[in-house]
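With mmCIF, C-alpha atoms, pLDDT in the B column; chains and numbers go by the auth columns inside, this is query34.cif:
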data_model
#
loop_
_atom_site.group_PDB
_atom_site.id
_atom_site.type_symbol
_atom_site.label_atom_id
_atom_site.label_comp_id
_atom_site.label_asym_id
_atom_site.label_seq_id
_atom_site.Cartn_x
_atom_site.Cartn_y
_atom_site.Cartn_z
_atom_site.B_iso_or_equiv
_atom_site.auth_seq_id
_atom_site.auth_asym_id
ATOM 1 C CA THR A 1 19.382 -15.364 73.489 51.00 167 A
ATOM 2 C CA PHE A 2 17.214 -15.754 70.416 60.00 168 A
ATOM 3 C CA PHE A 3 19.897 -16.223 67.781 62.00 169 A
ATOM 4 C CA PRO A 4 17.712 -16.117 64.602 88.00 170 A
ATOM 5 C CA ALA A 5 16.873 -12.548 65.615 92.00 171 A
ATOM 6 C CA TYR A 6 20.581 -11.691 65.517 94.00 172 A
ATOM 7 C CA LEU A 7 20.851 -13.115 62.016 96.00 173 A
ATOM 8 C CA THR A 8 17.806 -11.164 60.835 96.00 174 A
ATOM 9 C CA ARG A 9 19.025 -7.970 62.484 97.00 175 A
ATOM 10 C CA GLY A 10 22.504 -8.467 61.046 97.00 176 A
ATOM 11 C CA ILE A 11 21.051 -8.730 57.539 98.00 177 A
ATOM 12 C CA ALA A 12 19.055 -5.556 58.174 98.00 178 A
ATOM 13 C CA TYR A 13 22.217 -3.744 59.307 98.00 179 A
ATOM 14 C CA TYR A 14 24.023 -5.048 56.207 98.00 180 A
ATOM 15 C CA ASN A 15 21.243 -3.682 53.986 98.00 181 A
ATOM 16 C CA LEU A 16 21.538 -0.328 55.764 98.00 182 A
ATOM 17 C CA GLY A 17 25.285 -0.216 55.109 98.00 183 A
ATOM 18 C CA GLN A 18 26.164 -0.644 58.795 98.00 184 A
ATOM 19 C CA TYR A 19 28.694 -3.397 58.139 98.00 185 A
ATOM 20 C CA GLU A 20 30.594 -3.380 61.455 98.00 186 A
ATOM 21 C CA THR A 21 27.352 -3.641 63.410 98.00 187 A
ATOM 22 C CA ALA A 22 26.127 -6.367 61.065 98.00 188 A
ATOM 23 C CA ILE A 23 29.319 -8.368 61.619 98.00 189 A
ATOM 24 C CA ARG A 24 28.812 -8.211 65.396 98.00 190 A
ATOM 25 C CA ASP A 25 25.359 -9.759 65.014 97.00 191 A
ATOM 26 C CA PHE A 26 26.681 -12.460 62.683 97.00 192 A
ATOM 27 C CA VAL A 27 29.417 -13.305 65.197 96.00 193 A
ATOM 28 C CA VAL A 28 26.797 -13.736 67.935 95.00 194 A
ATOM 29 C CA THR A 29 24.733 -15.923 65.600 94.00 195 A
ATOM 30 C CA LEU A 30 27.725 -18.099 64.731 95.00 196 A
ATOM 31 C CA LYS A 31 28.778 -18.570 68.351 94.00 197 A
ATOM 32 C CA ILE A 32 25.432 -20.251 68.972 90.00 198 A
ATOM 33 C CA TRP A 33 24.565 -21.646 65.539 91.00 199 A
ATOM 34 C CA THR A 34 27.977 -22.593 64.170 93.00 200 A
ATOM 35 C CA ASP A 35 26.725 -24.189 60.965 95.00 201 A
ATOM 36 C CA GLN A 36 24.528 -21.325 59.721 95.00 202 A
ATOM 37 C CA PRO A 37 25.618 -20.678 56.107 97.00 203 A
ATOM 38 C CA GLU A 38 23.575 -17.506 55.698 97.00 204 A
ATOM 39 C CA ALA A 39 25.372 -15.853 58.622 97.00 205 A
ATOM 40 C CA TYR A 40 28.743 -16.724 57.076 98.00 206 A
ATOM 41 C CA TYR A 41 27.539 -15.436 53.699 98.00 207 A
ATOM 42 C CA TYR A 42 26.434 -12.045 54.985 98.00 208 A
ATOM 43 C CA ALA A 43 29.461 -11.762 57.260 98.00 209 A
ATOM 44 C CA GLY A 44 31.614 -12.361 54.186 98.00 210 A
ATOM 45 C CA LEU A 45 29.765 -9.693 52.223 98.00 211 A
ATOM 46 C CA SER A 46 30.107 -7.274 55.129 98.00 212 A
ATOM 47 C CA PHE A 47 33.842 -7.908 55.378 98.00 213 A
ATOM 48 C CA ALA A 48 34.149 -7.372 51.618 98.00 214 A
ATOM 49 C CA LYS A 49 32.403 -3.986 51.934 98.00 215 A
ATOM 50 C CA LEU A 50 35.010 -3.064 54.560 98.00 216 A
ATOM 51 C CA ASN A 51 37.851 -4.192 52.240 98.00 217 A
ATOM 52 C CA ARG A 52 38.755 -7.025 54.603 98.00 218 A
ATOM 53 C CA GLN A 53 39.298 -9.455 51.761 97.00 219 A
ATOM 54 C CA GLU A 54 40.823 -12.323 53.740 98.00 220 A
ATOM 55 C CA ASP A 55 37.968 -12.312 56.264 98.00 221 A
ATOM 56 C CA ALA A 56 35.469 -12.063 53.416 98.00 222 A
ATOM 57 C CA TYR A 57 37.072 -15.014 51.625 98.00 223 A
ATOM 58 C CA HIS A 58 37.091 -17.283 54.694 98.00 224 A
ATOM 59 C CA ASN A 59 33.477 -16.541 55.597 98.00 225 A
ATOM 60 C CA LEU A 60 32.225 -17.014 52.051 98.00 226 A
ATOM 61 C CA ILE A 61 34.144 -20.276 51.627 98.00 227 A
ATOM 62 C CA ARG A 62 32.650 -21.561 54.888 98.00 228 A
ATOM 63 C CA SER A 63 29.187 -20.573 53.673 98.00 229 A
ATOM 64 C CA ALA A 64 29.722 -22.389 50.369 98.00 230 A
ATOM 65 C CA ASP A 65 31.000 -25.512 52.156 98.00 231 A
ATOM 66 C CA LEU A 66 27.959 -25.604 54.430 98.00 232 A
ATOM 67 C CA TYR A 67 25.557 -25.165 51.534 98.00 233 A
ATOM 68 C CA LEU A 68 27.331 -27.968 49.670 98.00 234 A
ATOM 69 C CA GLN A 69 27.110 -30.271 52.714 97.00 235 A
ATOM 70 C CA ARG A 70 23.369 -29.616 52.795 97.00 236 A
ATOM 71 C CA ASN A 71 22.998 -30.329 49.067 97.00 237 A
ATOM 72 C CA GLN A 72 21.775 -26.782 48.502 97.00 238 A
ATOM 73 C CA SER A 73 23.404 -26.400 45.112 97.00 239 A
ATOM 74 C CA ASN A 74 21.653 -23.157 44.103 98.00 240 A
ATOM 75 C CA GLU A 75 22.895 -21.378 47.220 98.00 241 A
ATOM 76 C CA TYR A 76 26.340 -22.965 46.838 98.00 242 A
ATOM 77 C CA HIS A 77 26.646 -21.627 43.283 98.00 243 A
ATOM 78 C CA GLN A 78 25.299 -18.234 44.359 98.00 244 A
ATOM 79 C CA VAL A 79 28.139 -17.927 46.878 98.00 245 A
ATOM 80 C CA LEU A 80 30.723 -18.945 44.270 98.00 246 A
ATOM 81 C CA ARG A 81 29.342 -16.391 41.794 98.00 247 A
ATOM 82 C CA LYS A 82 29.494 -13.676 44.445 98.00 248 A
ATOM 83 C CA MET A 83 33.087 -14.617 45.294 98.00 249 A
ATOM 84 C CA ASN A 84 33.981 -14.402 41.615 98.00 250 A
ATOM 85 C CA GLU A 85 32.234 -11.032 41.336 97.00 251 A
ATOM 86 C CA LEU A 86 34.249 -9.787 44.337 97.00 252 A
ATOM 87 C CA ASN A 87 37.490 -11.259 42.925 96.00 253 A
ATOM 88 C CA LEU A 88 37.957 -13.453 45.969 94.00 254 A
ATOM 89 C CA HIS A 89 39.941 -16.503 44.861 82.00 255 A
#
Show this structure as structure tokens.
Amino acid sequence: TFFPAYLTRGIAYYNLGQYETAIRDFVVTLKIWTDQPEAYYYAGLSFAKLNRQEDAYHNLIRSADLYLQRNQSNEYHQVLRKMNELNLH
């Protein structure tokens, strides 16, 4: 299994509005690459589009935590801004 391909394909599905399919690819990615913040981020956005607020919140928080652990402050703040925009507190 080439997991970066699942992440890339999941983002493509997200951009096409195919959120359920995107989530499946992010789940595969995260089973193999458990500390991939971008997969959590896009999974969170996909859940938000499906009005699954709790799932969106947990995935976005995990993404933010991972970015913070990696000292990627721009990405960390981007996630927090998106959560604020989506009213996920």
Applied to the shown file, which residues does the PyMOL selection byres ((chain A and resi 190-203) around 7) return, written as a VMD selection string?
-> chain A and resid 169 172 to 173 176 186 to 189 204 to 207 209 229 232 to 233
Any idea what's packed within 9 Å of segment 238-250 of chain A, counting all atoms listed in the file, ignoring anything in its chain fewer than 2 positions away? Could you give it as number ranges by chain?
-> A: 207, 211, 222-223, 226-227, 229-236, 252-255
Which centre and which edge lengths, in Å to one decimal, describe the axis-aligned box that holds all listed atoms of segment 178-190 of chain A after 6 Å is added on each side, as AutoDock Vina command-line options?
--center_x 24.8 --center_y -4.3 --center_z 59.7 --size_x 23.5 --size_y 20.2 --size_z 23.4
A straight line from atom CA of Arg218 of chain A to atom CA of Asn237 of chain A spans 28.7 Å
For the atom pair atom CA of Tyr180 of chain A and atom CA of Asn225 of chain A, what is the interatomic distance in Å to one decimal place?
->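 Going from atom CA of Tyr180 of chain A over to atom CA of Asn225 of chain A, I get 14.9 Å.
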Quick one, how far is atom CA of Glu251 of chain A from atom CA of Gln184 of chain A?
->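 A separation of 21.2 Å between them.
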